Amino acid sequence: MIPLSLAEVASAVDGRLVAADPDARVTGSVEFDSRKIGPGGLFVAFPGEKVDGHDYAAGAVAAGAVGVLGTREVPGVPMVLVDDALSAMACLARAVVDRLPGLTVIGVTGSSGKTTTKDLLGQLTVRLGPTVAPAGTFNNELGHPYTVMQANPETRYLVLEKSARGVGHIRYLCEIAPPRISVVLNVGVAHIGEFGSVETIALAKGELVEALPADGLAVLNADDPLVAAMASRTRARVVRYGESGDADVRAVDVTLDERGRASYTLVTPEGRAPVRLGLTGRHQVSNSLAAAAVARELGMPLADLAAALGELGLVSTRRMDVFERPDGVTVIDDSYNANPASMGVALRALASMRGQGRTVAVLGYMAELGDFETEGHQQVGRLAAELGIDRLLVVGEPAAPIHEGATAVGNWGGESVLLTDQAAAVEVLRGELRPGDVVLVKGSRYRTWEVADALRAAAGNEVTS
Ligand SMILES: Nc1ncnc2c1ncn2[C@@H]1O[C@H](COP(=O)(O)OP(=O)(O)OP(=O)(O)O)[C@@H](O)[C@H]1O
Ligand SMILES: [Mg+2]
């Protein structure tokens with residue numbers, strides 16, 4: 001974080017100093033996990049039901065914290081007292097942004113691909129200037145301000161994932177870190193359980209472009225009609241990306257290699273350049289175009305941009321992470337999360353990677369689909385069968401409609417089985433996998449990742465997360 005005195009912190013969060021030196025300066029990071037506190041840090045104590053952060057306040061100070069932001073006094077601990085630690089984090093993050101006039105805040109939202117695109121974009125902007133775009137998903141009312149506070153006076157670009165579980169959420173996040181550039185990827189049924197309808201999801205995601213100033217920039221997916229329509233909801237200039245003929249930054253002549261990696265010709269107002277992605281999945285064409293559209297606006301020349309796109313790698317784990325085992329089995333670990341759209345792109349990637357062996361999909365439950373739950377799972381099963389996936393292992397009773405959807409496809413030559421848990425799936429795979437097989441592992445966390453880890457461990461590879 002930028003250095004701030006405790007008096008400045010208190011004023012930013014409307015807090016009261018207790019037993020604290022107003023001139024003591026916070027020079028380290030702001031943490032709500034006391035184990036991460038280092039010299040000069042600020043510890044934020046949340047009153048939890050099971051664990052109360054205030055119990056760790058003295059320890060945080062012993063570890064070097066200059067003070068503790070919390071909701072009740074702790075004897076002997078220099079405190080900034082507030083009513084609500086979460087809104088205090090938001091205010092402090094906003095104070096940081098306000099003190100960094102040279103910072104460009106870039107927000108990314110969408111139903112699928114936020115973390116992936118944030119990671120791609122961060123790898124491009126870092127070539128243009130110091131960038132904060134930490135690995136992983138930090139997109140909610142806690143992770144968002146936490147990420148924002150990692151910016152310091154050297155930071156030029158702050159790339160933020162902004163997610164919504166309801167109308168008004170993104171507007172709130174934009175008050176913490178007002179974007180200058182807003183990227184909207186897609187509108188799908190992720191979290192439809194909370195939202196109720198796709199139209200409400202579009203309403204919520206569009207708040208990201210409504211938050212832009214007149215001299216800001218909205219980067220919109222021209223291939224998604226609900227996203228393209230958001231052009232009317234912003235004062236800012238609009239740049240459109242996609243494969244549509246009228247997109248400003250577009251991909252033509254897309255091809256996939258045997259590992260599902262896309263090549264395309266990048267077409268911009270400055271000209272054309274060949275791009276060869278090292279990332280698996282056709283959906284990365286869209287994600288890479290979104291990132292390219294931003295980097296181009298920030299001044300990256302076309303030739304540099306095309307070369308940089310070819311060097312993009314994975315940053316956050318368990319998202320289309322492809323690894324090859326010594327026994328000749330290829331694994332796609334996409335086990336971080338799942339919704340019907342992301343299941344679709346992952347299954348298509350699997351189908352495109354068919355080699356000498358079989359294609360195998362290990363699919364788990366998709367959370368937060370509400371009324372759409374049964375149908376969403378059935379659709380995924382149907383798609384797997386229609387794509388001609390050879391073997392489907394459906395993990396856990398709640399995911400059963402995937403199995404039903406697949407087996408209902410009459411002319412499918414593959415086979416599906418419903419298994420009780422992850423261990424059962426690992427057992428089946430152990431018996432069935434042969435060299436040349438390609439296996440996709442995907443679900444909404446719920447331990448589906450255990451299958452991916454077992455496949456990794458069986459290959460003698462280190463588990464990465
Ligand atoms: N543009 C895209 N369209 C559809 N699916 C995508 C796209 N990009 C990535 N995915 C799929 O979505 C999965 C999750 O990607 P990612 O973690 O980037 O999404 P997210 O929007 O950050 O999700 P969350 O809401 O959990 O934070 C990927 O592993 C991949 O299967
Ligand atoms: Mg994410």
# chains A, B, ... in the order shown; residues from 1 in each chain; ligands from 1
>>> residues_near_ligand(ligand="ligand 2", cutoff="8 Å", atoms="only C-alpha atoms and all ligand atoms", output="PyMOL selection string")
chain A and resi 112-116+136-139+161+163
>>> write_last_selection(atoms="all heavy atoms", output="PDB file, in the first residue's frame")
ATOM      1  N   SER A 112     -18.301 -15.665 -17.433  1.00  0.00           N
ATOM      2  CA  SER A 112     -17.188 -16.624 -17.442  1.00  0.00           C
ATOM      3  C   SER A 112     -15.943 -15.957 -18.005  1.00  0.00           C
ATOM      4  O   SER A 112     -16.034 -15.179 -18.953  1.00  0.00           O
ATOM      5  CB  SER A 112     -17.487 -17.822 -18.341  1.00  0.00           C
ATOM      6  OG  SER A 112     -18.695 -18.418 -18.026  1.00  0.00           O
ATOM      7  N   GLY A 113     -14.801 -16.305 -17.435  1.00  0.00           N
ATOM      8  CA  GLY A 113     -13.533 -15.861 -18.009  1.00  0.00           C
ATOM      9  C   GLY A 113     -12.947 -14.602 -17.410  1.00  0.00           C
ATOM     10  O   GLY A 113     -11.962 -14.060 -17.937  1.00  0.00           O
ATOM     11  N   LYS A 114     -13.504 -14.128 -16.277  1.00  0.00           N
ATOM     12  CA  LYS A 114     -12.966 -12.900 -15.676  1.00  0.00           C
ATOM     13  C   LYS A 114     -11.517 -13.076 -15.231  1.00  0.00           C
ATOM     14  O   LYS A 114     -10.646 -12.285 -15.572  1.00  0.00           O
ATOM     15  CB  LYS A 114     -13.805 -12.484 -14.452  1.00  0.00           C
ATOM     16  CG  LYS A 114     -15.222 -12.095 -14.770  1.00  0.00           C
ATOM     17  CD  LYS A 114     -16.005 -11.745 -13.504  1.00  0.00           C
ATOM     18  CE  LYS A 114     -16.289 -12.916 -12.598  1.00  0.00           C
ATOM     19  NZ  LYS A 114     -17.169 -13.950 -13.166  1.00  0.00           N
ATOM     20  N   THR A 115     -11.285 -14.112 -14.438  1.00  0.00           N
ATOM     21  CA  THR A 115      -9.928 -14.321 -13.932  1.00  0.00           C
ATOM     22  C   THR A 115      -8.964 -14.585 -15.091  1.00  0.00           C
ATOM     23  O   THR A 115      -7.869 -14.022 -15.142  1.00  0.00           O
ATOM     24  CB  THR A 115      -9.913 -15.515 -12.952  1.00  0.00           C
ATOM     25  OG1 THR A 115     -10.764 -15.202 -11.850  1.00  0.00           O
ATOM     26  CG2 THR A 115      -8.517 -15.795 -12.426  1.00  0.00           C
ATOM     27  N   THR A 116      -9.390 -15.418 -16.025  1.00  0.00           N
ATOM     28  CA  THR A 116      -8.538 -15.744 -17.168  1.00  0.00           C
ATOM     29  C   THR A 116      -8.158 -14.470 -17.926  1.00  0.00           C
ATOM     30  O   THR A 116      -6.984 -14.239 -18.218  1.00  0.00           O
ATOM     31  CB  THR A 116      -9.293 -16.706 -18.124  1.00  0.00           C
ATOM     32  OG1 THR A 116      -9.739 -17.832 -17.371  1.00  0.00           O
ATOM     33  CG2 THR A 116      -8.406 -17.166 -19.259  1.00  0.00           C
ATOM     34  N   GLY A 136      -5.487 -15.412  -9.245  1.00  0.00           N
ATOM     35  CA  GLY A 136      -6.641 -15.865  -8.480  1.00  0.00           C
ATOM     36  C   GLY A 136      -7.831 -14.941  -8.626  1.00  0.00           C
ATOM     37  O   GLY A 136      -7.785 -13.940  -9.346  1.00  0.00           O
ATOM     38  N   THR A 137      -8.891 -15.327  -7.921  1.00  0.00           N
ATOM     39  CA  THR A 137     -10.149 -14.581  -7.981  1.00  0.00           C
ATOM     40  C   THR A 137     -10.272 -13.699  -6.752  1.00  0.00           C
ATOM     41  O   THR A 137     -10.470 -14.205  -5.653  1.00  0.00           O
ATOM     42  CB  THR A 137     -11.332 -15.577  -8.046  1.00  0.00           C
ATOM     43  OG1 THR A 137     -11.396 -16.134  -9.350  1.00  0.00           O
ATOM     44  CG2 THR A 137     -12.655 -14.911  -7.754  1.00  0.00           C
ATOM     45  N   PHE A 138     -10.118 -12.402  -6.935  1.00  0.00           N
ATOM     46  CA  PHE A 138     -10.326 -11.449  -5.826  1.00  0.00           C
ATOM     47  C   PHE A 138     -11.369 -10.458  -6.306  1.00  0.00           C
ATOM     48  O   PHE A 138     -11.043  -9.341  -6.668  1.00  0.00           O
ATOM     49  CB  PHE A 138      -9.033 -10.717  -5.475  1.00  0.00           C
ATOM     50  CG  PHE A 138      -7.979 -11.609  -4.900  1.00  0.00           C
ATOM     51  CD1 PHE A 138      -6.979 -12.123  -5.702  1.00  0.00           C
ATOM     52  CD2 PHE A 138      -8.012 -11.944  -3.559  1.00  0.00           C
ATOM     53  CE1 PHE A 138      -6.011 -12.958  -5.172  1.00  0.00           C
ATOM     54  CE2 PHE A 138      -7.041 -12.782  -3.027  1.00  0.00           C
ATOM     55  CZ  PHE A 138      -6.034 -13.291  -3.832  1.00  0.00           C
ATOM     56  N   ASN A 139     -12.611 -10.891  -6.359  1.00  0.00           N
ATOM     57  CA  ASN A 139     -13.576 -10.071  -7.079  1.00  0.00           C
ATOM     58  C   ASN A 139     -14.762  -9.604  -6.247  1.00  0.00           C
ATOM     59  O   ASN A 139     -15.647  -8.961  -6.760  1.00  0.00           O
ATOM     60  CB  ASN A 139     -14.090 -10.836  -8.309  1.00  0.00           C
ATOM     61  CG  ASN A 139     -14.768 -12.152  -7.935  1.00  0.00           C
ATOM     62  OD1 ASN A 139     -15.112 -12.354  -6.782  1.00  0.00           O
ATOM     63  ND2 ASN A 139     -14.958 -12.999  -8.919  1.00  0.00           N
ATOM     64  N   GLU A 161     -10.793  -7.789 -11.308  1.00  0.00           N
ATOM     65  CA  GLU A 161     -11.952  -8.607 -11.634  1.00  0.00           C
ATOM     66  C   GLU A 161     -13.123  -8.071 -10.808  1.00  0.00           C
ATOM     67  O   GLU A 161     -12.973  -7.861  -9.610  1.00  0.00           O
ATOM     68  CB  GLU A 161     -11.594 -10.043 -11.243  1.00  0.00           C
ATOM     69  CG  GLU A 161     -12.657 -11.043 -11.450  1.00  0.00           C
ATOM     70  CD  GLU A 161     -12.126 -12.465 -11.188  1.00  0.00           C
ATOM     71  OE1 GLU A 161     -10.895 -12.679 -11.106  1.00  0.00           O
ATOM     72  OE2 GLU A 161     -12.973 -13.358 -11.055  1.00  0.00           O
ATOM     73  N   SER A 163     -17.052  -8.857  -9.824  1.00  0.00           N
ATOM     74  CA  SER A 163     -18.122  -9.831 -10.001  1.00  0.00           C
ATOM     75  C   SER A 163     -19.379  -9.380  -9.286  1.00  0.00           C
ATOM     76  O   SER A 163     -19.339  -8.534  -8.386  1.00  0.00           O
ATOM     77  CB  SER A 163     -17.703 -11.199  -9.486  1.00  0.00           C
ATOM     78  OG  SER A 163     -18.003 -11.309  -8.123  1.00  0.00           O
TER      79      SER A 163
END
>>> residues_around(residues="A:Arg156", least_positions_apart="4", cutoff="9 Å", atoms="only C-alpha atoms", output="number ranges by chain")
A: 102-105, 125-126, 128-132, 151-152
>>> write_last_selection(atoms="all heavy atoms", output="tab-separated table (two decimals), in the first residue's frame")
chain	number	residue	atom	x	y	z
A	102	GLY	N	-1.78	8.82	-11.21
A	102	GLY	CA	-1.18	8.24	-12.42
A	102	GLY	C	-1.66	6.81	-12.70
A	102	GLY	O	-1.19	6.16	-13.64
A	103	LEU	N	-2.61	6.34	-11.90
A	103	LEU	CA	-3.04	4.94	-12.01
A	103	LEU	C	-4.20	4.80	-12.99
A	103	LEU	O	-5.13	5.59	-12.98
A	103	LEU	CB	-3.52	4.50	-10.61
A	103	LEU	CG	-3.93	3.05	-10.42
A	103	LEU	CD1	-2.70	2.15	-10.47
A	103	LEU	CD2	-4.63	2.88	-9.07
A	104	THR	N	-4.11	3.79	-13.86
A	104	THR	CA	-5.24	3.47	-14.73
A	104	THR	C	-5.91	2.21	-14.19
A	104	THR	O	-5.29	1.15	-14.12
A	104	THR	CB	-4.76	3.21	-16.18
A	104	THR	OG1	-4.15	4.40	-16.67
A	104	THR	CG2	-5.92	2.83	-17.09
A	105	VAL	N	-7.17	2.35	-13.78
A	105	VAL	CA	-7.92	1.20	-13.25
A	105	VAL	C	-8.68	0.55	-14.41
A	105	VAL	O	-9.41	1.22	-15.15
A	105	VAL	CB	-8.91	1.64	-12.15
A	105	VAL	CG1	-9.77	0.45	-11.69
A	105	VAL	CG2	-8.16	2.25	-10.97
A	125	THR	N	-0.27	-5.64	-19.96
A	125	THR	CA	-0.01	-4.30	-19.43
A	125	THR	C	1.35	-4.22	-18.73
A	125	THR	O	1.97	-3.16	-18.73
A	125	THR	CB	-1.11	-3.84	-18.44
A	125	THR	OG1	-1.20	-4.78	-17.37
A	125	THR	CG2	-2.44	-3.70	-19.12
A	126	VAL	N	1.81	-5.34	-18.18
A	126	VAL	CA	3.10	-5.29	-17.48
A	126	VAL	C	4.22	-4.95	-18.47
A	126	VAL	O	5.28	-4.44	-18.08
A	126	VAL	CB	3.36	-6.61	-16.73
A	126	VAL	CG1	3.79	-7.72	-17.67
A	126	VAL	CG2	4.37	-6.42	-15.61
A	128	LEU	N	3.86	-2.63	-20.53
A	128	LEU	CA	3.72	-1.19	-20.74
A	128	LEU	C	4.03	-0.39	-19.47
A	128	LEU	O	4.32	0.80	-19.54
A	128	LEU	CB	2.28	-0.87	-21.19
A	128	LEU	CG	1.85	-1.53	-22.50
A	128	LEU	CD1	0.33	-1.43	-22.68
A	128	LEU	CD2	2.57	-0.90	-23.68
A	129	GLY	N	3.94	-1.05	-18.33
A	129	GLY	CA	4.20	-0.35	-17.08
A	129	GLY	C	3.88	-1.25	-15.90
A	129	GLY	O	3.18	-2.26	-16.04
A	130	PRO	N	4.39	-0.89	-14.70
A	130	PRO	CA	4.14	-1.71	-13.51
A	130	PRO	C	2.65	-1.97	-13.30
A	130	PRO	O	1.84	-1.05	-13.37
A	130	PRO	CB	4.73	-0.87	-12.37
A	130	PRO	CG	5.74	0.00	-13.03
A	130	PRO	CD	5.22	0.29	-14.41
A	131	THR	N	2.34	-3.24	-13.07
A	131	THR	CA	0.94	-3.68	-13.06
A	131	THR	C	0.63	-4.43	-11.78
A	131	THR	O	1.45	-5.21	-11.30
A	131	THR	CB	0.72	-4.62	-14.27
A	131	THR	OG1	0.84	-3.85	-15.48
A	131	THR	CG2	-0.64	-5.29	-14.23
A	132	VAL	N	-0.56	-4.19	-11.25
A	132	VAL	CA	-1.08	-5.03	-10.16
A	132	VAL	C	-2.25	-5.82	-10.73
A	132	VAL	O	-3.26	-5.24	-11.15
A	132	VAL	CB	-1.53	-4.19	-8.95
A	132	VAL	CG1	-2.30	-5.05	-7.95
A	132	VAL	CG2	-0.33	-3.55	-8.27
A	151	ALA	N	-1.82	-1.52	-4.84
A	151	ALA	CA	-1.26	-0.50	-5.73
A	151	ALA	C	-0.40	0.46	-4.91
A	151	ALA	O	-0.69	0.74	-3.75
A	151	ALA	CB	-2.39	0.25	-6.41
A	152	ASN	N	0.67	0.93	-5.53
A	152	ASN	CA	1.54	1.92	-4.88
A	152	ASN	C	1.91	2.98	-5.91
A	152	ASN	O	1.46	2.90	-7.06
A	152	ASN	CB	2.76	1.22	-4.26
A	152	ASN	CG	3.61	0.56	-5.32
A	152	ASN	OD1	3.79	1.10	-6.41
A	152	ASN	ND2	4.12	-0.62	-5.02
>>> residues_near_ligand(ligand="ligand 1", cutoff="7 Å", atoms="only C-alpha atoms and all ligand atoms", output="PyMOL selection string")
chain A and resi 110-117+137+139+163+185-186+283-284+286-287+318-320+334+336-338+341-343+345-346
>>> select_by_dssp(residues="stretch 113-352 of chain A", states="helix (DSSP H, G or I)", output="ChimeraX atom specification")
/A:114-125,143-148,169-176,192-195,198-205,207-210,225-233,283-297,302-310,340-352
>>> closest_residue(among="A:Leu433, A:Leu220, A:Ala399, A:Val108", to="A:Asn339", atoms="only C-alpha atoms")
A:Ala399
>>> closest_residue(among="A:Leu120, A:Val66, A:Ala351, A:Val30", to="A:Leu6", atoms="only C-alpha atoms")
A:Val66
>>> closest_residue(among="A:Gly357, A:Gly271, A:Gly381, A:Pro398", to="A:Glu432", atoms="only C-alpha atoms")
A:Gly357
>>> atom_distance(atom1="atom CA of A:Ala293", atom2="atom CA of A:Ala133")
17.3 Å
>>> select_by_dssp(residues="stretch 63-109 of chain A", states="strand (DSSP E)", output="list in words")
Gly67, Val68, Leu69, Gly70, Met79, Val80, Leu81, Thr104, Val105, Ile106, Gly107, Val108 and Thr109 of chain A
>>> write_last_selection(atoms="N, CA and C atoms", output="PDB file, in the first residue's frame")
ATOM      1  N   GLY A  67      -0.663  -0.959  13.476  1.00  0.00           N
ATOM      2  CA  GLY A  67      -1.929  -0.785  14.166  1.00  0.00           C
ATOM      3  C   GLY A  67      -2.918  -1.824  13.683  1.00  0.00           C
ATOM      4  N   VAL A  68      -4.079  -1.820  14.329  1.00  0.00           N
ATOM      5  CA  VAL A  68      -5.125  -2.779  13.978  1.00  0.00           C
ATOM      6  C   VAL A  68      -6.421  -2.010  13.716  1.00  0.00           C
ATOM      7  N   LEU A  69      -7.027  -2.309  12.586  1.00  0.00           N
ATOM      8  CA  LEU A  69      -8.324  -1.741  12.245  1.00  0.00           C
ATOM      9  C   LEU A  69      -9.364  -2.754  12.702  1.00  0.00           C
ATOM     10  N   GLY A  70     -10.228  -2.352  13.619  1.00  0.00           N
ATOM     11  CA  GLY A  70     -11.177  -3.336  14.134  1.00  0.00           C
ATOM     12  C   GLY A  70     -12.406  -2.667  14.709  1.00  0.00           C
ATOM     13  N   MET A  79      -5.223   0.887  18.003  1.00  0.00           N
ATOM     14  CA  MET A  79      -6.382   0.544  17.166  1.00  0.00           C
ATOM     15  C   MET A  79      -6.906   1.737  16.373  1.00  0.00           C
ATOM     16  N   VAL A  80      -7.464   1.430  15.191  1.00  0.00           N
ATOM     17  CA  VAL A  80      -8.348   2.353  14.489  1.00  0.00           C
ATOM     18  C   VAL A  80      -9.728   1.713  14.621  1.00  0.00           C
ATOM     19  N   LEU A  81     -10.587   2.319  15.429  1.00  0.00           N
ATOM     20  CA  LEU A  81     -11.896   1.705  15.714  1.00  0.00           C
ATOM     21  C   LEU A  81     -12.951   2.171  14.719  1.00  0.00           C
ATOM     22  N   THR A 104      -4.108   3.791 -13.859  1.00  0.00           N
ATOM     23  CA  THR A 104      -5.241   3.465 -14.733  1.00  0.00           C
ATOM     24  C   THR A 104      -5.914   2.214 -14.187  1.00  0.00           C
ATOM     25  N   VAL A 105      -7.168   2.354 -13.775  1.00  0.00           N
ATOM     26  CA  VAL A 105      -7.922   1.199 -13.254  1.00  0.00           C
ATOM     27  C   VAL A 105      -8.683   0.548 -14.406  1.00  0.00           C
ATOM     28  N   ILE A 106      -8.458  -0.747 -14.561  1.00  0.00           N
ATOM     29  CA  ILE A 106      -9.131  -1.497 -15.621  1.00  0.00           C
ATOM     30  C   ILE A 106      -9.993  -2.560 -14.952  1.00  0.00           C
ATOM     31  N   GLY A 107     -11.287  -2.539 -15.205  1.00  0.00           N
ATOM     32  CA  GLY A 107     -12.200  -3.510 -14.607  1.00  0.00           C
ATOM     33  C   GLY A 107     -12.621  -4.546 -15.636  1.00  0.00           C
ATOM     34  N   VAL A 108     -12.727  -5.787 -15.184  1.00  0.00           N
ATOM     35  CA  VAL A 108     -13.154  -6.867 -16.075  1.00  0.00           C
ATOM     36  C   VAL A 108     -14.345  -7.572 -15.441  1.00  0.00           C
ATOM     37  N   THR A 109     -15.430  -7.713 -16.202  1.00  0.00           N
ATOM     38  CA  THR A 109     -16.524  -8.536 -15.694  1.00  0.00           C
ATOM     39  C   THR A 109     -17.076  -9.419 -16.796  1.00  0.00           C
TER      40      THR A 109
END
>>> residues_around(residues="A:Thr374", least_positions_apart="3", cutoff="7 Å", atoms="only C-alpha atoms", output="ChimeraX atom specification")
/A:377-378,401
>>> atom_distance(atom1="atom CA of A:Thr255", atom2="atom CA of A:Asp437")
22.1 Å
>>> atom_distance(atom1="atom CA of A:Pro153", atom2="atom CA of A:Val9")
17.0 Å
>>> closest_residue(among="A:Ser316, A:Ser288, A:Ser244, A:Ser352", to="A:Leu440", atoms="only C-alpha atoms")
A:Ser352
>>> residues_around(residues="A:Asp390", least_positions_apart="5", cutoff="7 Å", atoms="only C-alpha atoms", output="list in words")
Arg358, Thr359, Val360, Gly414 and Glu415 of chain A
>>> residues_around(residues="A:Gly168", least_positions_apart="6", cutoff="12 Å", atoms="only C-alpha atoms", output="list of chain:residue names")
A:Glu141, A:Lys162, A:Cys174, A:Glu175, A:Phe195, A:Thr200, A:Ile201, A:Ala202, A:Leu203, A:Ala204, A:Lys205, A:Gly206, A:Glu207, A:Leu208, A:Glu210, A:Ala211
>>> write_last_selection(atoms="N, CA, C and O atoms", output="mmCIF file, in the first residue's frame")
data_model
loop_
_atom_site.group_PDB
_atom_site.id
_atom_site.type_symbol
_atom_site.label_atom_id
_atom_site.label_comp_id
_atom_site.auth_asym_id
_atom_site.auth_seq_id
_atom_site.Cartn_x
_atom_site.Cartn_y
_atom_site.Cartn_z
ATOM 1 N N GLU A 141 -16.575 -8.151 -2.277
ATOM 2 C CA GLU A 141 -16.454 -6.965 -1.421
ATOM 3 C C GLU A 141 -15.246 -7.029 -0.484
ATOM 4 O O GLU A 141 -14.822 -6.014 0.043
ATOM 5 N N LYS A 162 -14.256 -7.833 -11.455
ATOM 6 C CA LYS A 162 -15.415 -7.319 -10.698
ATOM 7 C C LYS A 162 -16.569 -8.288 -10.913
ATOM 8 O O LYS A 162 -16.992 -8.512 -12.045
ATOM 9 N N CYS A 174 -17.225 -0.376 -8.083
ATOM 10 C CA CYS A 174 -16.701 0.745 -8.882
ATOM 11 C C CYS A 174 -16.571 2.021 -8.061
ATOM 12 O O CYS A 174 -15.812 2.920 -8.415
ATOM 13 N N GLU A 175 -17.306 2.100 -6.967
ATOM 14 C CA GLU A 175 -17.111 3.250 -6.078
ATOM 15 C C GLU A 175 -15.790 3.110 -5.329
ATOM 16 O O GLU A 175 -15.134 4.093 -5.012
ATOM 17 N N PHE A 195 -29.686 -14.311 -9.420
ATOM 18 C CA PHE A 195 -30.180 -13.200 -10.234
ATOM 19 C C PHE A 195 -31.631 -13.370 -10.687
ATOM 20 O O PHE A 195 -32.360 -12.400 -10.816
ATOM 21 N N THR A 200 -31.479 -9.702 -15.941
ATOM 22 C CA THR A 200 -30.999 -9.072 -14.705
ATOM 23 C C THR A 200 -29.483 -9.194 -14.620
ATOM 24 O O THR A 200 -28.803 -8.288 -14.132
ATOM 25 N N ILE A 201 -28.947 -10.302 -15.116
ATOM 26 C CA ILE A 201 -27.487 -10.462 -15.114
ATOM 27 C C ILE A 201 -26.869 -9.377 -16.000
ATOM 28 O O ILE A 201 -25.889 -8.731 -15.621
ATOM 29 N N ALA A 202 -27.474 -9.141 -17.162
ATOM 30 C CA ALA A 202 -26.962 -8.102 -18.070
ATOM 31 C C ALA A 202 -27.053 -6.725 -17.411
ATOM 32 O O ALA A 202 -26.141 -5.902 -17.510
ATOM 33 N N LEU A 203 -28.149 -6.517 -16.691
ATOM 34 C CA LEU A 203 -28.329 -5.237 -15.995
ATOM 35 C C LEU A 203 -27.182 -5.022 -15.001
ATOM 36 O O LEU A 203 -26.586 -3.951 -14.927
ATOM 37 N N ALA A 204 -26.861 -6.084 -14.256
ATOM 38 C CA ALA A 204 -25.822 -5.987 -13.226
ATOM 39 C C ALA A 204 -24.437 -5.816 -13.846
ATOM 40 O O ALA A 204 -23.655 -4.965 -13.407
ATOM 41 N N LYS A 205 -24.122 -6.574 -14.873
ATOM 42 C CA LYS A 205 -22.777 -6.489 -15.485
ATOM 43 C C LYS A 205 -22.556 -5.127 -16.139
ATOM 44 O O LYS A 205 -21.435 -4.609 -16.165
ATOM 45 N N GLY A 206 -23.634 -4.573 -16.691
ATOM 46 C CA GLY A 206 -23.527 -3.289 -17.392
ATOM 47 C C GLY A 206 -23.167 -2.137 -16.474
ATOM 48 O O GLY A 206 -22.757 -1.068 -16.937
ATOM 49 N N GLU A 207 -23.316 -2.342 -15.164
ATOM 50 C CA GLU A 207 -22.939 -1.273 -14.226
ATOM 51 C C GLU A 207 -21.464 -0.920 -14.375
ATOM 52 O O GLU A 207 -21.047 0.190 -14.060
ATOM 53 N N LEU A 208 -20.684 -1.852 -14.906
ATOM 54 C CA LEU A 208 -19.250 -1.582 -15.084
ATOM 55 C C LEU A 208 -19.013 -0.491 -16.129
ATOM 56 O O LEU A 208 -18.095 0.310 -15.986
ATOM 57 N N GLU A 210 -21.411 1.741 -16.977
ATOM 58 C CA GLU A 210 -22.101 2.947 -16.477
ATOM 59 C C GLU A 210 -21.192 3.754 -15.564
ATOM 60 O O GLU A 210 -21.336 4.968 -15.456
ATOM 61 N N ALA A 211 -20.241 3.070 -14.940
ATOM 62 C CA ALA A 211 -19.353 3.744 -13.984
ATOM 63 C C ALA A 211 -18.239 4.529 -14.679
ATOM 64 O O ALA A 211 -17.480 5.236 -14.015
#
